[in-house]
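Colleague: This is the structure, below, for whatever I ask next.
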Amino acid sequence: MVNHQNVDASAIEEFFSPGSVRRHTADHHQVLDVDGVCDRLLSSSYAPPAGHPDHEPMLAGLRTLVQRHGEDGAIRFEYRTEVYLGRFAP
């Protein structure tokens, strides 16, 4: 089961209060061809595994999306990583 929790900056600041927090970001990307996109999806714990009735239709749909919307047979994934460095007050 996947449990994604979004924690905003104010919750992080409150956690370290009365200490201090600094936020750093890094932008990066990944360019994947259709096989790479499929592999990336299949590495996710929530993707239907081989043998599941939705497995092959899911991959077929993903291949169609990459062919329709990709450039030169590839998709560019944009990422922004946020890192918070906090210090508790003494």
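Convention: chains lettered A, B, ... in structure tokens order; per-chain residue numbering from 1; ligands numbered from 1 as shown.
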Show me, as JSON lines, the residues of region 6-47 of chain A having an atom within 12 Å of region 80-87 of chain A, each with the closest atom pair and its distance in Å, using only C-alpha atoms.
Modeller:
{"residue": "A:Val7", "atom": "CA", "partner": "A:Tyr84", "partner_atom": "CA", "distance": 11.3}
{"residue": "A:Asp8", "atom": "CA", "partner": "A:Tyr84", "partner_atom": "CA", "distance": 10.7}
{"residue": "A:Ala9", "atom": "CA", "partner": "A:Tyr84", "partner_atom": "CA", "distance": 8.6}
{"residue": "A:Ser10", "atom": "CA", "partner": "A:Tyr84", "partner_atom": "CA", "distance": 11.5}
{"residue": "A:Ala11", "atom": "CA", "partner": "A:Tyr84", "partner_atom": "CA", "distance": 11.4}
{"residue": "A:Ile12", "atom": "CA", "partner": "A:Tyr84", "partner_atom": "CA", "distance": 8.0}
{"residue": "A:Glu13", "atom": "CA", "partner": "A:Gly86", "partner_atom": "CA", "distance": 8.1}
{"residue": "A:Glu14", "atom": "CA", "partner": "A:Gly86", "partner_atom": "CA", "distance": 10.6}
{"residue": "A:Phe15", "atom": "CA", "partner": "A:Gly86", "partner_atom": "CA", "distance": 8.9}
{"residue": "A:Phe16", "atom": "CA", "partner": "A:Gly86", "partner_atom": "CA", "distance": 6.3}
{"residue": "A:Ser17", "atom": "CA", "partner": "A:Arg87", "partner_atom": "CA", "distance": 8.8}
{"residue": "A:Pro18", "atom": "CA", "partner": "A:Arg87", "partner_atom": "CA", "distance": 9.1}
{"residue": "A:Gly19", "atom": "CA", "partner": "A:Arg87", "partner_atom": "CA", "distance": 5.5}
{"residue": "A:Ser20", "atom": "CA", "partner": "A:Arg87", "partner_atom": "CA", "distance": 5.4}
{"residue": "A:Val21", "atom": "CA", "partner": "A:Gly86", "partner_atom": "CA", "distance": 4.2}
{"residue": "A:Arg22", "atom": "CA", "partner": "A:Leu85", "partner_atom": "CA", "distance": 5.2}
{"residue": "A:Arg23", "atom": "CA", "partner": "A:Tyr84", "partner_atom": "CA", "distance": 4.5}
{"residue": "A:His24", "atom": "CA", "partner": "A:Val83", "partner_atom": "CA", "distance": 5.2}
{"residue": "A:Thr25", "atom": "CA", "partner": "A:Glu82", "partner_atom": "CA", "distance": 4.5}
{"residue": "A:Ala26", "atom": "CA", "partner": "A:Thr81", "partner_atom": "CA", "distance": 5.2}
{"residue": "A:Asp27", "atom": "CA", "partner": "A:Arg80", "partner_atom": "CA", "distance": 4.5}
{"residue": "A:His28", "atom": "CA", "partner": "A:Arg80", "partner_atom": "CA", "distance": 6.4}
{"residue": "A:His29", "atom": "CA", "partner": "A:Arg80", "partner_atom": "CA", "distance": 8.5}
{"residue": "A:Gln30", "atom": "CA", "partner": "A:Arg80", "partner_atom": "CA", "distance": 11.5}
Colleague: Write out as an mmCIF file with N, CA and C atoms, in the first residue's frame each polymer residue whose atoms come within 12 Å of region 72-78 of chain A, counting only C-alpha atoms; drop sequence neighbours fewer than 3 positions from it.
Modeller:
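File written: selection_17.cif
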data_model
loop_
_atom_site.group_PDB
_atom_site.id
_atom_site.type_symbol
_atom_site.label_atom_id
_atom_site.label_comp_id
_atom_site.auth_asym_id
_atom_site.auth_seq_id
_atom_site.Cartn_x
_atom_site.Cartn_y
_atom_site.Cartn_z
ATOM 1 N N ALA A 26 16.439 21.552 -5.971
ATOM 2 C CA ALA A 26 17.248 21.152 -7.126
ATOM 3 C C ALA A 26 16.301 20.671 -8.218
ATOM 4 N N ASP A 27 16.410 21.275 -9.374
ATOM 5 C CA ASP A 27 15.623 20.847 -10.528
ATOM 6 C C ASP A 27 16.446 19.863 -11.347
ATOM 7 N N HIS A 28 15.785 18.841 -11.841
ATOM 8 C CA HIS A 28 16.455 17.879 -12.703
ATOM 9 C C HIS A 28 15.419 17.211 -13.595
ATOM 10 N N HIS A 29 15.870 16.412 -14.528
ATOM 11 C CA HIS A 29 14.940 15.731 -15.430
ATOM 12 C C HIS A 29 15.501 14.375 -15.834
ATOM 13 N N GLN A 30 14.618 13.604 -16.431
ATOM 14 C CA GLN A 30 14.962 12.282 -16.902
ATOM 15 C C GLN A 30 14.256 12.102 -18.241
ATOM 16 N N VAL A 31 14.980 11.671 -19.270
ATOM 17 C CA VAL A 31 14.390 11.414 -20.581
ATOM 18 C C VAL A 31 14.348 9.900 -20.776
ATOM 19 N N LEU A 32 13.148 9.385 -21.004
ATOM 20 C CA LEU A 32 12.964 7.950 -21.136
ATOM 21 C C LEU A 32 12.263 7.611 -22.439
ATOM 22 N N ASP A 33 12.748 6.567 -23.099
ATOM 23 C CA ASP A 33 12.028 6.050 -24.263
ATOM 24 C C ASP A 33 10.870 5.203 -23.753
ATOM 25 N N VAL A 34 10.108 4.634 -24.687
ATOM 26 C CA VAL A 34 8.905 3.898 -24.291
ATOM 27 C C VAL A 34 9.238 2.745 -23.355
ATOM 28 N N ASP A 35 10.316 2.038 -23.595
ATOM 29 C CA ASP A 35 10.686 0.938 -22.694
ATOM 30 C C ASP A 35 11.059 1.462 -21.314
ATOM 31 N N GLY A 36 11.770 2.582 -21.274
ATOM 32 C CA GLY A 36 12.141 3.172 -19.993
ATOM 33 C C GLY A 36 10.932 3.646 -19.209
ATOM 34 N N VAL A 37 9.942 4.228 -19.917
ATOM 35 C CA VAL A 37 8.719 4.679 -19.252
ATOM 36 C C VAL A 37 7.975 3.471 -18.676
ATOM 37 N N CYS A 38 7.896 2.403 -19.456
ATOM 38 C CA CYS A 38 7.232 1.184 -18.969
ATOM 39 C C CYS A 38 7.975 0.612 -17.772
ATOM 40 N N ARG A 40 9.815 2.208 -15.660
ATOM 41 C CA ARG A 40 9.619 3.107 -14.521
ATOM 42 C C ARG A 40 8.272 2.834 -13.863
ATOM 43 N N LEU A 62 0.031 2.984 -21.997
ATOM 44 C CA LEU A 62 1.210 3.812 -21.762
ATOM 45 C C LEU A 62 2.036 3.959 -23.036
ATOM 46 N N ARG A 63 2.205 2.871 -23.762
ATOM 47 C CA ARG A 63 2.940 2.945 -25.040
ATOM 48 C C ARG A 63 2.258 3.906 -26.002
ATOM 49 N N THR A 64 0.933 3.848 -26.053
ATOM 50 C CA THR A 64 0.170 4.753 -26.927
ATOM 51 C C THR A 64 0.391 6.205 -26.520
ATOM 52 N N LEU A 65 0.375 6.475 -25.217
ATOM 53 C CA LEU A 65 0.598 7.844 -24.739
ATOM 54 C C LEU A 65 1.976 8.364 -25.134
ATOM 55 N N VAL A 66 2.997 7.528 -24.982
ATOM 56 C CA VAL A 66 4.359 7.949 -25.339
ATOM 57 C C VAL A 66 4.447 8.209 -26.836
ATOM 58 N N GLN A 67 3.836 7.358 -27.645
ATOM 59 C CA GLN A 67 3.874 7.545 -29.093
ATOM 60 C C GLN A 67 3.147 8.810 -29.510
ATOM 61 N N ARG A 68 2.023 9.103 -28.875
ATOM 62 C CA ARG A 68 1.228 10.289 -29.236
ATOM 63 C C ARG A 68 1.838 11.592 -28.735
ATOM 64 N N HIS A 69 2.377 11.573 -27.534
ATOM 65 C CA HIS A 69 2.760 12.825 -26.890
ATOM 66 C C HIS A 69 4.260 12.997 -26.687
ATOM 67 N N THR A 81 13.380 18.560 -6.471
ATOM 68 C CA THR A 81 13.638 17.978 -5.164
ATOM 69 C C THR A 81 13.750 19.105 -4.153
#
Colleague: Just list the residues in region 46-85 of chain A DSSP gives helix (DSSP H, G or I) on the backbone, as a PyMOL selection string.
Modeller: chain A and resi 55-69
Colleague: Mind dumping the selected residues with N, CA and C atoms as a PDB file, in the first residue's frame?
Modeller:
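After the write, out01.pdb holds the following:
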ATOM      1  N   HIS A  55      -2.637  -5.562 -16.332  1.00  0.00           N
ATOM      2  CA  HIS A  55      -1.218  -5.348 -16.625  1.00  0.00           C
ATOM      3  C   HIS A  55      -0.968  -5.006 -18.098  1.00  0.00           C
ATOM      4  N   GLU A  56      -1.337  -5.873 -18.993  1.00  0.00           N
ATOM      5  CA  GLU A  56      -1.075  -5.631 -20.421  1.00  0.00           C
ATOM      6  C   GLU A  56      -1.843  -4.432 -20.971  1.00  0.00           C
ATOM      7  N   PRO A  57      -3.141  -4.260 -20.635  1.00  0.00           N
ATOM      8  CA  PRO A  57      -3.826  -3.042 -21.114  1.00  0.00           C
ATOM      9  C   PRO A  57      -3.177  -1.761 -20.606  1.00  0.00           C
ATOM     10  N   MET A  58      -2.662  -1.789 -19.372  1.00  0.00           N
ATOM     11  CA  MET A  58      -1.979  -0.616 -18.818  1.00  0.00           C
ATOM     12  C   MET A  58      -0.736  -0.291 -19.648  1.00  0.00           C
ATOM     13  N   LEU A  59       0.084  -1.298 -19.948  1.00  0.00           N
ATOM     14  CA  LEU A  59       1.298  -1.072 -20.735  1.00  0.00           C
ATOM     15  C   LEU A  59       0.970  -0.626 -22.156  1.00  0.00           C
ATOM     16  N   ALA A  60      -0.060  -1.209 -22.743  1.00  0.00           N
ATOM     17  CA  ALA A  60      -0.464  -0.805 -24.099  1.00  0.00           C
ATOM     18  C   ALA A  60      -0.900   0.660 -24.108  1.00  0.00           C
ATOM     19  N   GLY A  61      -1.666   1.060 -23.105  1.00  0.00           N
ATOM     20  CA  GLY A  61      -2.098   2.455 -23.005  1.00  0.00           C
ATOM     21  C   GLY A  61      -0.934   3.399 -22.802  1.00  0.00           C
ATOM     22  N   LEU A  62       0.031   2.984 -21.997  1.00  0.00           N
ATOM     23  CA  LEU A  62       1.210   3.812 -21.762  1.00  0.00           C
ATOM     24  C   LEU A  62       2.036   3.959 -23.036  1.00  0.00           C
ATOM     25  N   ARG A  63       2.205   2.871 -23.762  1.00  0.00           N
ATOM     26  CA  ARG A  63       2.940   2.945 -25.040  1.00  0.00           C
ATOM     27  C   ARG A  63       2.258   3.906 -26.002  1.00  0.00           C
ATOM     28  N   THR A  64       0.933   3.848 -26.053  1.00  0.00           N
ATOM     29  CA  THR A  64       0.170   4.753 -26.927  1.00  0.00           C
ATOM     30  C   THR A  64       0.391   6.205 -26.520  1.00  0.00           C
ATOM     31  N   LEU A  65       0.375   6.475 -25.217  1.00  0.00           N
ATOM     32  CA  LEU A  65       0.598   7.844 -24.739  1.00  0.00           C
ATOM     33  C   LEU A  65       1.976   8.364 -25.134  1.00  0.00           C
ATOM     34  N   VAL A  66       2.997   7.528 -24.982  1.00  0.00           N
ATOM     35  CA  VAL A  66       4.359   7.949 -25.339  1.00  0.00           C
ATOM     36  C   VAL A  66       4.447   8.209 -26.836  1.00  0.00           C
ATOM     37  N   GLN A  67       3.836   7.358 -27.645  1.00  0.00           N
ATOM     38  CA  GLN A  67       3.874   7.545 -29.093  1.00  0.00           C
ATOM     39  C   GLN A  67       3.147   8.810 -29.510  1.00  0.00           C
ATOM     40  N   ARG A  68       2.023   9.103 -28.875  1.00  0.00           N
ATOM     41  CA  ARG A  68       1.228  10.289 -29.236  1.00  0.00           C
ATOM     42  C   ARG A  68       1.838  11.592 -28.735  1.00  0.00           C
ATOM     43  N   HIS A  69       2.377  11.573 -27.534  1.00  0.00           N
ATOM     44  CA  HIS A  69       2.760  12.825 -26.890  1.00  0.00           C
ATOM     45  C   HIS A  69       4.260  12.997 -26.687  1.00  0.00           C
TER      46      HIS A  69
END
Colleague: Per DSSP on the backbone, what are the strand (DSSP E or B) residues of chain A, as a short mmCIF file (atom, residue, chain, number, x, y, z; two decimals) with N, CA and C atoms, in the first residue's frame?
Modeller:
data_model
loop_
_atom_site.label_atom_id
_atom_site.label_comp_id
_atom_site.auth_asym_id
_atom_site.auth_seq_id
_atom_site.Cartn_x
_atom_site.Cartn_y
_atom_site.Cartn_z
N SER A 20 15.56 26.66 13.66
CA SER A 20 15.56 27.26 12.33
C SER A 20 15.51 26.18 11.25
N VAL A 21 15.03 26.59 10.08
CA VAL A 21 14.90 25.68 8.94
C VAL A 21 15.35 26.41 7.69
N ARG A 22 16.10 25.69 6.85
CA ARG A 22 16.47 26.23 5.53
C ARG A 22 15.97 25.25 4.47
N ARG A 23 15.49 25.80 3.38
CA ARG A 23 14.98 25.00 2.28
C ARG A 23 15.92 25.13 1.09
N HIS A 24 16.24 23.99 0.48
CA HIS A 24 17.06 23.96 -0.73
C HIS A 24 16.30 23.19 -1.79
N THR A 25 16.43 23.62 -3.04
CA THR A 25 15.76 22.93 -4.14
C THR A 25 16.76 22.59 -5.24
N ALA A 26 16.44 21.55 -5.97
CA ALA A 26 17.25 21.15 -7.13
C ALA A 26 16.30 20.67 -8.22
N ASP A 27 16.41 21.28 -9.37
CA ASP A 27 15.62 20.85 -10.53
C ASP A 27 16.45 19.86 -11.35
N HIS A 28 15.79 18.84 -11.84
CA HIS A 28 16.46 17.88 -12.70
C HIS A 28 15.42 17.21 -13.59
N HIS A 29 15.87 16.41 -14.53
CA HIS A 29 14.94 15.73 -15.43
C HIS A 29 15.50 14.37 -15.83
N GLN A 30 14.62 13.60 -16.43
CA GLN A 30 14.96 12.28 -16.90
C GLN A 30 14.26 12.10 -18.24
N VAL A 31 14.98 11.67 -19.27
CA VAL A 31 14.39 11.41 -20.58
C VAL A 31 14.35 9.90 -20.78
N LEU A 32 13.15 9.39 -21.00
CA LEU A 32 12.96 7.95 -21.14
C LEU A 32 12.26 7.61 -22.44
N ASP A 33 12.75 6.57 -23.10
CA ASP A 33 12.03 6.05 -24.26
C ASP A 33 10.87 5.20 -23.75
N GLU A 71 8.35 13.14 -27.77
CA GLU A 71 9.13 13.72 -28.85
C GLU A 71 10.25 12.76 -29.20
N ALA A 74 10.33 9.65 -27.03
CA ALA A 74 10.75 9.73 -25.62
C ALA A 74 9.89 10.75 -24.87
N ILE A 75 9.87 10.59 -23.57
CA ILE A 75 9.16 11.50 -22.67
C ILE A 75 10.17 12.08 -21.69
N ARG A 76 10.02 13.38 -21.44
CA ARG A 76 10.90 14.05 -20.47
C ARG A 76 10.13 14.23 -19.17
N PHE A 77 10.66 13.66 -18.08
CA PHE A 77 10.07 13.82 -16.76
C PHE A 77 10.82 14.93 -16.04
N GLU A 78 10.09 15.93 -15.58
CA GLU A 78 10.66 17.06 -14.84
C GLU A 78 10.48 16.82 -13.35
N TYR A 79 11.52 17.07 -12.58
CA TYR A 79 11.47 16.87 -11.13
C TYR A 79 11.99 18.10 -10.41
N ARG A 80 11.48 18.32 -9.23
CA ARG A 80 12.05 19.31 -8.32
C ARG A 80 12.17 18.62 -6.96
N THR A 81 13.38 18.56 -6.47
CA THR A 81 13.64 17.98 -5.16
C THR A 81 13.75 19.11 -4.15
N GLU A 82 13.04 18.97 -3.05
CA GLU A 82 13.11 19.95 -1.97
C GLU A 82 13.71 19.27 -0.75
N VAL A 83 14.70 19.91 -0.16
CA VAL A 83 15.36 19.40 1.03
C VAL A 83 15.26 20.49 2.10
N TYR A 84 14.83 20.08 3.27
CA TYR A 84 14.75 21.00 4.40
C TYR A 84 15.80 20.59 5.42
N LEU A 85 16.61 21.55 5.81
CA LEU A 85 17.62 21.32 6.84
C LEU A 85 17.19 22.11 8.07
N GLY A 86 16.92 21.38 9.14
CA GLY A 86 16.42 22.02 10.35
C GLY A 86 17.36 21.82 11.52
N ARG A 87 17.30 22.77 12.42
CA ARG A 87 18.11 22.70 13.64
C ARG A 87 17.17 23.01 14.82
#
